[in-house]
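Asks: Input structure-v7.cif, format and content: mmCIF, C-alpha atoms.
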data_my_file
#
loop_
_atom_site.label_atom_id
_atom_site.label_comp_id
_atom_site.auth_asym_id
_atom_site.auth_seq_id
_atom_site.Cartn_x
_atom_site.Cartn_y
_atom_site.Cartn_z
CA MET A 1 -10.81 22.93 8.25
CA THR A 2 -11.29 19.90 6.05
CA GLU A 3 -11.41 20.71 2.34
CA ALA A 4 -13.88 18.79 0.23
CA ASP A 5 -12.33 16.02 -1.86
CA TRP A 6 -12.09 16.42 -5.60
CA PRO A 7 -14.37 13.96 -7.40
CA LEU A 8 -13.20 10.38 -7.58
CA PHE A 9 -12.42 8.72 -10.91
CA GLU A 10 -11.98 5.01 -11.54
CA VAL A 11 -8.95 4.26 -13.71
CA PHE A 12 -8.73 1.64 -16.46
CA VAL A 13 -5.50 0.83 -18.27
CA ARG A 14 -4.97 -0.96 -21.59
CA SER A 15 -1.60 -2.61 -21.12
CA ARG A 16 -0.98 -3.01 -24.87
CA SER A 17 -3.05 -2.78 -27.99
CA GLY A 18 -5.05 -5.91 -28.57
CA LEU A 19 -5.97 -6.21 -24.89
CA GLU A 20 -8.96 -4.76 -23.06
CA HIS A 21 -8.83 -1.89 -20.58
CA LYS A 22 -8.65 -3.22 -17.05
CA HIS A 23 -9.60 -1.55 -13.78
CA VAL A 24 -6.49 -0.67 -11.74
CA GLY A 25 -7.63 1.77 -9.06
CA SER A 26 -8.84 5.30 -8.60
CA VAL A 27 -7.66 8.90 -8.39
CA HIS A 28 -9.13 12.18 -7.21
CA ALA A 29 -9.03 15.05 -9.69
CA ALA A 30 -10.70 18.40 -10.32
CA ASP A 31 -11.73 17.31 -13.81
CA ALA A 32 -11.37 14.48 -16.29
CA ARG A 33 -8.24 15.83 -17.91
CA MET A 34 -6.47 16.09 -14.57
CA ALA A 35 -7.71 12.59 -13.76
CA ILE A 36 -5.92 11.30 -16.87
CA GLU A 37 -2.73 13.07 -15.78
CA HIS A 38 -2.95 11.72 -12.25
CA ALA A 39 -3.75 8.24 -13.52
CA ARG A 40 -0.66 8.38 -15.71
CA ASP A 41 1.54 9.39 -12.76
CA VAL A 42 0.03 6.92 -10.32
CA TYR A 43 -0.61 3.84 -12.47
CA THR A 44 1.77 3.90 -15.44
CA ARG A 45 5.24 4.72 -14.10
CA ARG A 46 6.63 1.52 -15.57
CA GLN A 47 5.10 1.35 -19.04
CA GLU A 48 2.03 -0.46 -17.71
CA GLY A 49 -0.16 1.02 -20.39
CA VAL A 50 -0.71 2.46 -23.86
CA SER A 51 -4.17 3.86 -23.16
CA LEU A 52 -6.14 5.15 -20.17
CA TRP A 53 -9.83 5.47 -19.38
CA VAL A 54 -11.10 7.46 -16.44
CA VAL A 55 -14.74 7.32 -15.38
CA ARG A 56 -16.38 9.23 -12.57
CA SER A 57 -17.01 6.71 -9.81
CA MET A 58 -20.45 8.23 -9.26
CA ASP A 59 -21.42 7.22 -12.79
CA ILE A 60 -20.76 3.52 -12.28
CA VAL A 61 -23.79 1.46 -11.41
CA ALA A 62 -22.85 -1.84 -9.81
CA SER A 63 -24.82 -4.98 -9.07
CA ASP A 64 -25.62 -5.58 -5.43
CA PRO A 65 -23.59 -8.42 -3.84
CA GLU A 66 -26.75 -9.40 -1.92
CA GLU A 67 -28.37 -10.17 -5.26
CA ALA A 68 -25.43 -12.19 -6.56
CA ASP A 69 -27.24 -15.51 -6.14
CA ALA A 70 -30.34 -14.34 -7.93
CA LEU A 71 -28.25 -12.97 -10.77
CA PHE A 72 -25.64 -15.63 -11.26
CA GLU A 73 -26.92 -18.82 -9.67
CA PRO A 74 -29.20 -19.75 -12.62
CA ALA A 75 -26.09 -20.36 -14.76
CA ARG A 76 -24.72 -22.92 -12.31
CA ASP A 77 -26.86 -25.91 -13.37
CA LYS A 78 -26.54 -25.31 -17.09
CA VAL A 79 -23.41 -27.31 -17.66
CA TYR A 80 -24.78 -28.25 -21.08
CA ARG A 81 -23.57 -24.84 -22.21
CA HIS A 82 -20.02 -26.18 -22.11
CA PRO A 83 -18.59 -28.44 -24.85
CA THR A 84 -17.26 -30.94 -22.31
CA PHE A 85 -20.87 -31.83 -21.38
CA TYR A 86 -21.18 -33.95 -24.54
CA ALA A 87 -19.70 -37.45 -24.71
CA ILE A 88 -18.30 -38.13 -28.16
CA PRO A 89 -16.70 -41.50 -29.10
CA GLU A 90 -12.92 -41.24 -29.28
CA GLU A 91 -12.69 -42.41 -32.87
CA VAL A 92 -14.65 -39.38 -34.03
CA LYS A 93 -12.13 -36.71 -34.95
CA ASN A 94 -12.27 -32.95 -35.39
CA LEU A 95 -15.15 -32.30 -33.03
CA MET B 1 -11.36 0.92 -6.74
CA TYR B 2 -15.04 1.17 -6.02
CA THR B 3 -15.87 3.41 -3.16
CA GLN B 4 -18.54 4.93 -1.04
CA ALA B 5 -19.09 7.30 -3.96
CA LEU B 6 -20.99 4.52 -5.75
CA ASP B 7 -24.75 4.38 -5.74
CA THR B 8 -26.05 2.87 -2.50
CA HIS B 9 -29.50 1.63 -3.50
CA GLY B 10 -31.06 3.90 -0.89
CA GLN B 11 -31.19 3.28 2.84
CA GLU B 12 -30.24 -0.15 4.16
CA PRO B 13 -33.04 -1.82 6.11
CA ALA B 14 -32.30 -2.02 9.84
CA ALA B 15 -30.66 -5.38 10.57
CA THR B 16 -31.97 -7.56 13.38
CA ALA B 17 -29.48 -9.25 15.73
CA GLU B 18 -30.34 -12.58 14.08
CA ASP B 19 -29.57 -11.22 10.62
CA THR B 20 -26.27 -9.88 11.85
CA ALA B 21 -25.27 -13.19 13.45
CA ALA B 22 -26.10 -15.02 10.22
CA HIS B 23 -24.16 -12.48 8.18
CA ALA B 24 -21.20 -12.74 10.55
CA ALA B 25 -21.12 -16.53 10.33
CA ARG B 26 -21.30 -16.44 6.55
CA PHE B 27 -18.60 -13.77 6.44
CA GLN B 28 -16.20 -15.85 8.53
CA SER B 29 -16.88 -18.96 6.46
CA ARG B 30 -16.10 -17.06 3.26
CA ILE B 31 -12.79 -15.98 4.81
CA ASP B 32 -12.06 -19.51 6.00
CA GLU B 33 -12.55 -20.69 2.41
CA ASP B 34 -10.03 -18.07 1.23
CA GLU B 35 -12.64 -16.05 -0.62
CA LYS B 36 -11.85 -12.36 -1.00
CA ILE B 37 -14.09 -9.71 0.51
CA GLU B 38 -14.96 -6.85 -1.83
CA PRO B 39 -16.07 -3.28 -0.99
CA LYS B 40 -19.83 -3.67 -1.23
CA ASP B 41 -19.95 -7.05 0.53
CA TRP B 42 -21.34 -7.27 4.04
CA MET B 43 -18.56 -7.09 6.63
CA PRO B 44 -18.50 -6.73 10.42
CA GLU B 45 -17.98 -3.17 11.55
CA ALA B 46 -14.85 -4.16 13.47
CA TYR B 47 -13.32 -5.68 10.30
CA ARG B 48 -14.03 -2.45 8.44
CA GLN B 49 -12.54 -0.29 11.19
CA THR B 50 -9.47 -2.49 11.58
CA LEU B 51 -8.79 -2.25 7.86
CA ILE B 52 -9.39 1.50 7.75
CA ARG B 53 -6.91 1.93 10.58
CA GLN B 54 -4.30 -0.37 9.09
CA ILE B 55 -4.54 0.76 5.46
CA SER B 56 -4.61 4.47 6.29
CA GLN B 57 -1.62 4.13 8.63
CA HIS B 58 0.13 2.26 5.87
CA ALA B 59 -0.70 5.03 3.38
CA HIS B 60 0.48 7.74 5.79
CA SER B 61 3.74 5.82 6.23
CA GLU B 62 4.36 5.87 2.49
CA ILE B 63 3.68 9.61 2.34
CA VAL B 64 5.81 10.52 5.36
CA GLY B 65 8.42 8.05 4.09
CA MET B 66 9.12 10.39 1.18
CA LEU B 67 10.58 12.98 3.56
CA PRO B 68 13.75 11.34 4.93
CA GLU B 69 14.77 10.30 1.41
CA GLY B 70 13.68 13.52 -0.24
CA ASN B 71 16.30 15.12 2.02
CA TRP B 72 19.04 13.64 -0.22
CA ILE B 73 17.64 14.30 -3.69
CA THR B 74 19.59 17.54 -4.11
CA ARG B 75 22.74 15.98 -2.67
CA ALA B 76 22.83 12.59 -4.38
CA PRO B 77 26.44 11.88 -5.39
CA THR B 78 25.80 11.31 -9.11
CA LEU B 79 23.15 12.09 -11.69
CA LYS B 80 22.28 8.38 -11.90
CA ARG B 81 21.77 8.11 -8.14
CA LYS B 82 19.68 11.26 -8.21
CA ALA B 83 17.41 9.93 -10.98
CA VAL B 84 17.01 6.66 -9.08
CA LEU B 85 16.22 8.43 -5.81
CA ILE B 86 13.62 10.66 -7.47
CA ALA B 87 11.99 7.57 -9.00
CA LYS B 88 11.97 5.83 -5.64
CA VAL B 89 10.47 8.80 -3.79
CA GLN B 90 7.84 9.11 -6.53
CA ASP B 91 7.03 5.41 -6.05
CA GLU B 92 6.48 6.00 -2.33
CA GLY B 93 4.01 8.76 -3.20
CA GLY B 94 2.30 6.38 -5.63
CA HIS B 95 2.11 3.68 -2.95
CA GLY B 96 0.42 6.17 -0.66
CA MET B 97 -2.13 6.87 -3.41
CA TYR B 98 -2.89 3.17 -4.05
CA LEU B 99 -3.44 2.68 -0.35
CA TYR B 100 -5.59 5.76 0.20
CA SER B 101 -7.76 4.52 -2.70
CA ALA B 102 -8.06 1.12 -1.06
CA ALA B 103 -9.00 2.66 2.31
CA GLU B 104 -11.62 4.87 0.65
CA THR B 105 -13.47 1.77 -0.55
CA LEU B 106 -14.27 1.16 3.14
CA GLY B 107 -16.14 4.43 3.54
CA ILE B 108 -13.58 6.92 4.82
CA SER B 109 -12.83 9.95 2.62
CA ARG B 110 -9.41 11.03 1.43
CA ALA B 111 -9.94 14.40 3.13
CA GLN B 112 -10.68 12.70 6.46
CA MET B 113 -7.49 10.67 6.26
CA LEU B 114 -5.43 13.70 5.32
CA GLU B 115 -6.95 15.58 8.23
CA GLN B 116 -6.01 12.74 10.61
CA LEU B 117 -2.43 12.80 9.36
CA LEU B 118 -2.00 16.56 9.53
CA SER B 119 -3.63 16.91 12.94
CA GLY B 120 -1.26 14.29 14.33
CA ALA B 121 -4.16 11.97 15.25
CA ALA B 122 -3.04 9.25 12.83
CA LYS B 123 -0.05 7.00 13.34
CA TYR B 124 2.55 6.15 10.71
CA SER B 125 5.57 3.88 10.77
CA SER B 126 7.91 5.11 13.50
CA ILE B 127 10.98 4.40 11.34
CA PHE B 128 10.42 7.64 9.42
CA ASN B 129 10.98 9.70 12.53
CA TYR B 130 14.71 9.01 12.33
CA PRO B 131 16.94 11.45 10.45
CA THR B 132 18.95 10.71 7.29
CA LEU B 133 22.34 12.10 8.24
CA THR B 134 24.58 10.77 5.46
CA TRP B 135 24.28 9.39 1.93
CA ALA B 136 24.81 5.90 3.35
CA ASP B 137 21.48 6.29 5.14
CA ILE B 138 19.80 6.23 1.73
CA GLY B 139 21.49 2.88 1.09
CA ALA B 140 20.54 1.57 4.53
CA ILE B 141 16.92 2.66 4.13
CA GLY B 142 16.54 0.88 0.80
CA TRP B 143 18.28 -2.25 2.01
CA LEU B 144 16.89 -2.52 5.56
CA VAL B 145 13.74 -0.41 5.80
CA ASP B 146 12.37 -1.42 2.41
CA GLY B 147 13.59 -4.96 3.07
CA ALA B 148 11.61 -5.08 6.30
CA ALA B 149 8.63 -3.48 4.56
CA ILE B 150 8.67 -6.16 1.85
CA MET B 151 8.81 -8.88 4.49
CA ASN B 152 5.76 -7.33 6.14
CA GLN B 153 3.92 -6.66 2.91
CA ILE B 154 4.29 -9.86 0.91
CA PRO B 155 1.82 -11.76 3.13
CA ILE B 156 -0.64 -8.86 2.80
CA CYS B 157 -0.82 -9.58 -0.95
CA ARG B 158 -3.01 -12.50 0.19
CA CYS B 159 -5.06 -10.42 2.62
CA SER B 160 -8.79 -11.23 2.71
CA TYR B 161 -9.78 -7.71 1.61
CA GLY B 162 -9.53 -7.53 -2.18
CA PRO B 163 -8.63 -3.84 -2.75
CA TYR B 164 -5.90 -3.95 -0.10
CA ALA B 165 -4.48 -7.18 -1.49
CA ARG B 166 -4.43 -5.79 -5.03
CA ALA B 167 -2.72 -2.58 -3.92
CA MET B 168 -0.10 -4.65 -2.11
CA VAL B 169 0.68 -6.69 -5.22
CA ARG B 170 1.57 -3.52 -7.09
CA ILE B 171 3.54 -2.16 -4.15
CA CYS B 172 5.58 -5.31 -3.60
CA LYS B 173 6.63 -5.42 -7.26
CA GLU B 174 7.92 -1.87 -6.99
CA GLU B 175 9.56 -2.28 -3.57
CA SER B 176 11.89 -4.87 -4.95
CA PHE B 177 13.71 -2.19 -6.96
CA HIS B 178 13.90 -0.05 -3.82
CA GLN B 179 15.61 -2.73 -1.81
CA ARG B 180 18.07 -3.67 -4.53
CA GLN B 181 19.11 -0.08 -5.23
CA GLY B 182 19.69 0.39 -1.50
CA PHE B 183 21.87 -2.69 -1.27
CA GLU B 184 23.79 -1.54 -4.32
CA ILE B 185 24.53 1.81 -2.63
CA MET B 186 25.87 -0.10 0.40
CA LEU B 187 27.91 -2.37 -1.87
CA THR B 188 29.48 0.60 -3.63
CA LEU B 189 30.30 2.30 -0.34
CA THR B 190 31.81 -0.82 1.21
CA HIS B 191 34.08 -1.16 -1.84
CA GLY B 192 35.13 2.47 -1.52
CA THR B 193 37.53 4.33 0.73
CA GLN B 194 38.02 3.76 4.44
CA ALA B 195 35.77 6.75 5.13
CA GLN B 196 33.04 5.38 2.86
CA ARG B 197 33.16 1.98 4.58
CA ALA B 198 32.90 3.72 7.92
CA MET B 199 29.92 5.69 6.68
CA ALA B 200 28.18 2.47 5.60
CA GLN B 201 28.86 0.85 8.98
CA ASP B 202 27.59 3.91 10.81
CA ALA B 203 24.35 3.84 8.81
CA LEU B 204 23.85 0.15 9.60
CA ASN B 205 24.50 0.89 13.27
CA ARG B 206 21.77 3.50 13.36
CA TRP B 207 19.16 1.74 11.18
CA TRP B 208 19.46 -1.85 12.38
CA TRP B 209 17.42 -1.67 15.57
CA PRO B 210 14.72 0.68 14.25
CA SER B 211 14.34 -1.72 11.29
CA LEU B 212 13.75 -4.65 13.65
CA MET B 213 11.16 -2.56 15.47
CA MET B 214 9.27 -2.05 12.21
CA PHE B 215 7.69 -5.48 12.69
CA GLY B 216 5.86 -4.14 15.73
CA PRO B 217 5.77 -5.26 19.36
CA SER B 218 6.68 -8.83 20.24
CA ASP B 219 3.84 -11.34 19.94
CA ALA B 220 3.28 -11.37 23.69
CA ASP B 221 2.44 -7.64 23.59
CA SER B 222 0.65 -7.39 20.26
CA LYS B 223 -2.97 -6.55 20.96
CA HIS B 224 -4.48 -6.80 17.46
CA SER B 225 -2.89 -9.99 16.20
CA ALA B 226 -5.31 -12.83 17.02
CA GLN B 227 -8.40 -11.28 15.45
CA SER B 228 -6.46 -10.05 12.42
CA MET B 229 -5.18 -13.59 11.89
CA ARG B 230 -8.73 -14.99 12.01
CA TRP B 231 -9.77 -12.39 9.46
CA LYS B 232 -6.72 -13.15 7.32
CA ILE B 233 -5.66 -9.52 7.36
CA LYS B 234 -2.48 -10.77 8.95
CA ARG B 235 -0.88 -14.11 8.07
CA PHE B 236 2.26 -14.26 10.23
CA SER B 237 3.01 -12.92 13.67
CA ASN B 238 5.32 -9.94 14.26
CA ASP B 239 8.03 -12.15 15.73
CA GLU B 240 7.87 -14.68 12.88
CA LEU B 241 8.36 -11.95 10.29
CA ARG B 242 11.12 -10.30 12.31
CA GLN B 243 12.93 -13.64 12.53
CA LYS B 244 12.68 -14.14 8.77
CA PHE B 245 14.10 -10.67 8.20
CA VAL B 246 17.03 -11.29 10.55
CA ASP B 247 17.79 -14.63 8.91
CA ILE B 248 18.05 -13.18 5.42
CA THR B 249 19.69 -9.88 6.36
CA VAL B 250 22.56 -11.02 8.57
CA PRO B 251 24.30 -12.92 5.72
CA GLN B 252 23.81 -9.86 3.47
CA ALA B 253 25.61 -7.71 6.06
CA HIS B 254 28.40 -10.28 6.20
CA PHE B 255 28.70 -10.15 2.42
CA LEU B 256 29.14 -6.39 2.68
CA GLY B 257 31.81 -6.90 5.33
CA LEU B 258 29.74 -4.94 7.83
CA SER B 259 29.01 -5.98 11.39
CA ILE B 260 25.55 -6.03 12.95
CA PRO B 261 25.50 -3.75 16.01
CA ASP B 262 24.43 -6.50 18.42
CA ASP B 263 26.93 -8.25 20.73
CA GLU B 264 24.45 -10.99 21.48
CA LEU B 265 23.72 -11.90 17.86
CA HIS B 266 24.52 -15.58 17.27
CA TRP B 267 23.62 -18.51 15.05
CA ASP B 268 21.34 -21.03 16.74
CA GLU B 269 22.45 -24.28 15.11
CA ALA B 270 19.60 -26.38 16.53
CA ALA B 271 16.86 -24.01 15.35
CA GLN B 272 18.73 -22.88 12.20
CA HIS B 273 18.07 -19.24 13.04
CA TYR B 274 20.08 -16.15 13.92
CA ARG B 275 19.17 -14.98 17.41
CA VAL B 276 19.27 -11.27 18.23
CA GLY B 277 19.74 -9.61 21.60
CA PRO B 278 16.84 -7.91 23.40
CA ILE B 279 15.13 -5.06 21.56
CA ASP B 280 14.80 -1.76 23.43
CA TRP B 281 11.02 -1.39 23.30
CA SER B 282 11.10 1.78 25.39
CA GLU B 283 12.69 3.52 22.41
CA PHE B 284 9.95 2.20 20.11
CA GLN B 285 7.21 3.40 22.47
CA ALA B 286 8.84 6.81 22.84
CA VAL B 287 9.10 7.35 19.06
CA LEU B 288 5.52 6.13 18.61
CA LYS B 289 4.30 8.61 21.21
CA GLY B 290 5.97 11.49 19.39
CA SER B 291 9.39 11.78 21.03
CA GLY B 292 11.48 10.46 18.14
CA PRO B 293 14.24 12.62 16.68
CA CYS B 294 12.09 13.94 13.79
CA ASN B 295 8.39 13.48 14.69
CA ARG B 296 7.66 17.19 14.85
CA GLU B 297 9.75 18.01 11.77
CA ARG B 298 7.93 15.38 9.66
CA LEU B 299 4.46 16.64 10.50
CA GLU B 300 5.49 20.24 10.00
CA ALA B 301 6.85 19.38 6.56
CA ARG B 302 3.54 17.72 5.61
CA ARG B 303 1.50 20.66 6.89
CA ARG B 304 3.72 23.14 5.08
CA ALA B 305 3.39 21.19 1.83
CA HIS B 306 -0.37 21.04 2.23
CA GLU B 307 -0.64 24.79 2.85
CA ALA B 308 1.79 25.66 0.07
CA GLY B 309 -0.28 23.60 -2.36
CA ARG B 310 -3.57 25.20 -1.40
CA TRP B 311 -3.53 27.82 -4.18
CA VAL B 312 -2.85 25.10 -6.75
CA ARG B 313 -5.85 23.09 -5.55
CA GLU B 314 -8.03 26.18 -5.56
CA ALA B 315 -6.89 27.18 -9.05
CA ALA B 316 -7.53 23.68 -10.40
CA ALA B 317 -11.01 23.61 -8.88
CA ALA B 318 -11.80 27.08 -10.31
CA HIS B 319 -10.52 26.01 -13.73
CA ALA B 320 -12.62 22.85 -13.66
CA ALA B 321 -15.72 24.86 -12.68
CA ARG B 322 -15.17 27.31 -15.53
CA GLN B 323 -14.64 24.50 -18.06
CA ARG B 324 -17.86 22.87 -16.87
CA ALA B 325 -19.76 26.15 -17.19
CA ARG B 326 -18.41 26.68 -20.72
CA ALA B 327 -19.32 23.15 -21.74
CA THR B 328 -22.85 23.62 -20.40
CA ALA B 329 -23.22 26.94 -22.20
CA ALA B 330 -21.96 25.41 -25.48
CA THR B 331 -24.39 22.49 -25.18
CA SER B 332 -27.43 24.65 -24.50
CA SER B 333 -26.64 27.09 -27.30
CA GLY B 334 -25.96 24.13 -29.61
CA GLU B 335 -29.46 22.79 -28.97
CA THR B 336 -31.15 25.77 -30.61
CA PRO B 337 -31.39 25.10 -34.36
#
Reformat the file's structure so that it appears as structure tokens.
Replies:
Amino acid sequence: MTEADWPLFEVFVRSRSGLEHKHVGSVHAADARMAIEHARDVYTRRQEGVSLWVVRSMDIVASDPEEADALFEPARDKVYRHPTFYAIPEEVKNL
Amino acid sequence: MYTQALDTHGQEPAATAEDTAAHAARFQSRIDEDEKIEPKDWMPEAYRQTLIRQISQHAHSEIVGMLPEGNWITRAPTLKRKAVLIAKVQDEGGHGMYLYSAAETLGISRAQMLEQLLSGAAKYSSIFNYPTLTWADIGAIGWLVDGAAIMNQIPICRCSYGPYARAMVRICKEESFHQRQGFEIMLTLTHGTQAQRAMAQDALNRWWWPSLMMFGPSDADSKHSAQSMRWKIKRFSNDELRQKFVDITVPQAHFLGLSIPDDELHWDEAAQHYRVGPIDWSEFQAVLKGSGPCNRERLEARRRAHEAGRWVREAAAAHAARQRARATAATSSGETP
């Protein structure tokens, strides 16, 4: 007989203070506290982190890859949002 | 890693053959341009199934791989060696977890994979069906088996499937410690007594050929290779990787003062490669089909562990349910002013 899986949690690790939490993988656990313990055993055996987040995978809403163009393409032709778009004479300093 | 547990935006519309052909062409061109494929991206069913098979087998291998080494934890010769061996075995368990996670992103559940392993339906690396008879075997496994695994796994760090590639990056970093500690065990033994040197040589004699077989059948007989290469799941052929392994390992054996158990081994000056004698593929096939020295023992150990852990899983689930019920009760009573 196949037992049902425990819920899946996505794991995020802050590698040291000052840096953001970063997604590293996932663990199954009966509850959030166990998920933290599993995440510690699975993803931080070599001092990879100083802080952990676990989030139920079911609670993450992701954008659809099929809609990637519609979402992100409009930014492609707006190069004027980058400082390098503007030609400034070389003799002008501190710009 | 994102998985099938994520929201699915309802039912997918039925794809026409034309749609599928267009998707397939775009998929291959993304791969040709070295783009990574991520879990929710469109992918051909065969690509998905190939990855599920490969990643789950890989995960099972890590899990079963804990058994031959676990055999020596209580008998490690010093406290230091024992601590190292425990850390290594724990890493193998961790590698299994990274890989199961990666496979789950393709739509198979952890429970299904576990079921396939325990029922004997799933394959795992045949190397773990050999016994660890002496302490030197722990050295030989780290040096040769993990060495061969690294050779196999480094190219997978650039695999086209993102979650698999990312898991492999973590694994390869950790494997490097495994290989070095194994070589160090061999080094210590070969600098020891006559009996210790003999033990090291005996371990090399037994693990050499099975290690070469870890790279899989020769290219002429490898049925999955061509398509996996096109999909960039595989980057080098079995024989290419095996040759690389031989070329780096033979000098290491010489350094240890050990001899490779192969009368036909020689240096090919023109090609700048070591050439090995013929591999006994009938042995490989036999172990794969279940007739290796420890196949039955390994599966029984996994099944026993799974059964013995059942009460823990049930207790944890019951505890989680009670905590949830308490939290709900506290929230609803808190809402009344």
Asks: Apply the PyMOL selection byres ((chain A and resi 30) around 8) to the structure shown and report the selected residues as number ranges by chain.
Replies: A: 6-7, 28-29, 31-32, 34-35; B: 316-317, 320
Asks: Which of these, B:Ala329, B:Ala321, B:Ile171, B:Ala165, has the shortest distance to Tyr43 (chain A) once you count all atoms listed in the file?
Replies: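 That would be B:Ile171, the residue with the smallest distance to Tyr43 (chain A).
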Asks: Expanded to explicit residues, what is the PyMOL selection byres ((chain B and resi 217) around 10) for this file, as a ChimeraX atom specification?
Replies: /B:212-216,218-223,237-239,279,281,284-285
Asks: Please expand the PyMOL selection byres ((chain B and resi 231) around 8) into the concrete residues it hits in this file, giving the result as a ChimeraX atom specification.
Replies: /B:28,31,47,160,227-230,232-234
Asks: Give the residues of chain A that lie within 6 Å of chain B; count all atoms listed in the file, and format the answer as a PyMOL selection string.
Replies: chain A and resi 5+25-26+30-31+42+58+65
Asks: Within 7 Å of (-7.6, 4.3, -18.3) in the file's own coordinates, which protein, DNA or RNA residues have an atom, counting only C-alpha atoms? List them as a VMD selection string.
Replies: chain A and resid 11 to 14 21 51 to 54
Asks: Report as number ranges by chain all protein, DNA and RNA residues lying within 8 Å of Gln181 (chain B), evaluated on only C-alpha atoms, omitting residues in the same chain fewer than 6 positions from it.
Replies: B: 139, 142-143
Asks: Do a neighbour search on Glu175 (chain B) at 12 Å with only C-alpha atoms, toss out local chain neighbours closer than 2 positions, and write the hits as a VMD selection string.
Replies: chain B and resid 62 87 to 92 94 to 95 141 to 154 168 to 173 177 to 182
Asks: Rounded to one decimal in Å, what is the spacing between CA of Ile63 (chain B) and CA of Ala226 (chain B)?
Replies: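 CA of Ile63 (chain B) sits 28.3 Å away from CA of Ala226 (chain B).
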Asks: Reconstruct all heavy atoms of region 294-299 of chain B; output as a PDB file, in the coordinates of the input.
Replies:
ATOM      1  N   CYS B 294      12.646  13.066  14.835  1.00  0.00           N
ATOM      2  CA  CYS B 294      12.090  13.940  13.790  1.00  0.00           C
ATOM      3  C   CYS B 294      10.563  14.014  13.761  1.00  0.00           C
ATOM      4  O   CYS B 294      10.016  14.524  12.781  1.00  0.00           O
ATOM      5  CB  CYS B 294      12.568  13.483  12.414  1.00  0.00           C
ATOM      6  SG  CYS B 294      14.340  13.505  12.212  1.00  0.00           S
ATOM      7  N   ASN B 295       9.864  13.506  14.774  1.00  0.00           N
ATOM      8  CA  ASN B 295       8.390  13.480  14.690  1.00  0.00           C
ATOM      9  C   ASN B 295       7.812  14.836  14.308  1.00  0.00           C
ATOM     10  O   ASN B 295       6.990  14.960  13.409  1.00  0.00           O
ATOM     11  CB  ASN B 295       7.767  13.060  16.024  1.00  0.00           C
ATOM     12  CG  ASN B 295       8.080  11.630  16.378  1.00  0.00           C
ATOM     13  OD1 ASN B 295       9.246  11.251  16.434  1.00  0.00           O
ATOM     14  ND2 ASN B 295       7.053  10.834  16.609  1.00  0.00           N
ATOM     15  N   ARG B 296       8.264  15.877  15.046  1.00  0.00           N
ATOM     16  CA  ARG B 296       7.660  17.190  14.850  1.00  0.00           C
ATOM     17  C   ARG B 296       8.006  17.724  13.463  1.00  0.00           C
ATOM     18  O   ARG B 296       7.164  18.260  12.758  1.00  0.00           O
ATOM     19  CB  ARG B 296       8.162  18.136  15.935  1.00  0.00           C
ATOM     20  CG  ARG B 296       7.241  19.318  16.132  1.00  0.00           C
ATOM     21  CD  ARG B 296       7.631  20.133  17.355  1.00  0.00           C
ATOM     22  NE  ARG B 296       7.910  19.312  18.516  1.00  0.00           N
ATOM     23  CZ  ARG B 296       8.614  19.743  19.576  1.00  0.00           C
ATOM     24  NH1 ARG B 296       9.112  20.961  19.576  1.00  0.00           N
ATOM     25  NH2 ARG B 296       8.814  18.957  20.604  1.00  0.00           N
ATOM     26  N   GLU B 297       9.282  17.526  13.069  1.00  0.00           N
ATOM     27  CA  GLU B 297       9.750  18.010  11.770  1.00  0.00           C
ATOM     28  C   GLU B 297       8.936  17.384  10.625  1.00  0.00           C
ATOM     29  O   GLU B 297       8.567  18.061   9.669  1.00  0.00           O
ATOM     30  CB  GLU B 297      11.227  17.634  11.639  1.00  0.00           C
ATOM     31  CG  GLU B 297      11.924  18.236  10.470  1.00  0.00           C
ATOM     32  CD  GLU B 297      13.369  17.724  10.370  1.00  0.00           C
ATOM     33  OE1 GLU B 297      14.000  17.483  11.427  1.00  0.00           O
ATOM     34  OE2 GLU B 297      13.842  17.548   9.232  1.00  0.00           O
ATOM     35  N   ARG B 298       8.665  16.062  10.731  1.00  0.00           N
ATOM     36  CA  ARG B 298       7.930  15.380   9.660  1.00  0.00           C
ATOM     37  C   ARG B 298       6.534  15.964   9.489  1.00  0.00           C
ATOM     38  O   ARG B 298       6.092  16.242   8.376  1.00  0.00           O
ATOM     39  CB  ARG B 298       7.822  13.872   9.949  1.00  0.00           C
ATOM     40  CG  ARG B 298       9.143  13.140  10.052  1.00  0.00           C
ATOM     41  CD  ARG B 298       9.897  13.095   8.741  1.00  0.00           C
ATOM     42  NE  ARG B 298      11.123  12.336   8.874  1.00  0.00           N
ATOM     43  CZ  ARG B 298      12.335  12.798   8.593  1.00  0.00           C
ATOM     44  NH1 ARG B 298      12.505  14.023   8.135  1.00  0.00           N
ATOM     45  NH2 ARG B 298      13.391  12.021   8.737  1.00  0.00           N
ATOM     46  N   LEU B 299       5.835  16.125  10.588  1.00  0.00           N
ATOM     47  CA  LEU B 299       4.460  16.640  10.500  1.00  0.00           C
ATOM     48  C   LEU B 299       4.453  18.078   9.997  1.00  0.00           C
ATOM     49  O   LEU B 299       3.603  18.458   9.187  1.00  0.00           O
ATOM     50  CB  LEU B 299       3.773  16.562  11.849  1.00  0.00           C
ATOM     51  CG  LEU B 299       2.987  15.279  12.099  1.00  0.00           C
ATOM     52  CD1 LEU B 299       2.091  15.442  13.315  1.00  0.00           C
ATOM     53  CD2 LEU B 299       2.145  14.901  10.876  1.00  0.00           C
TER      54      LEU B 299
END
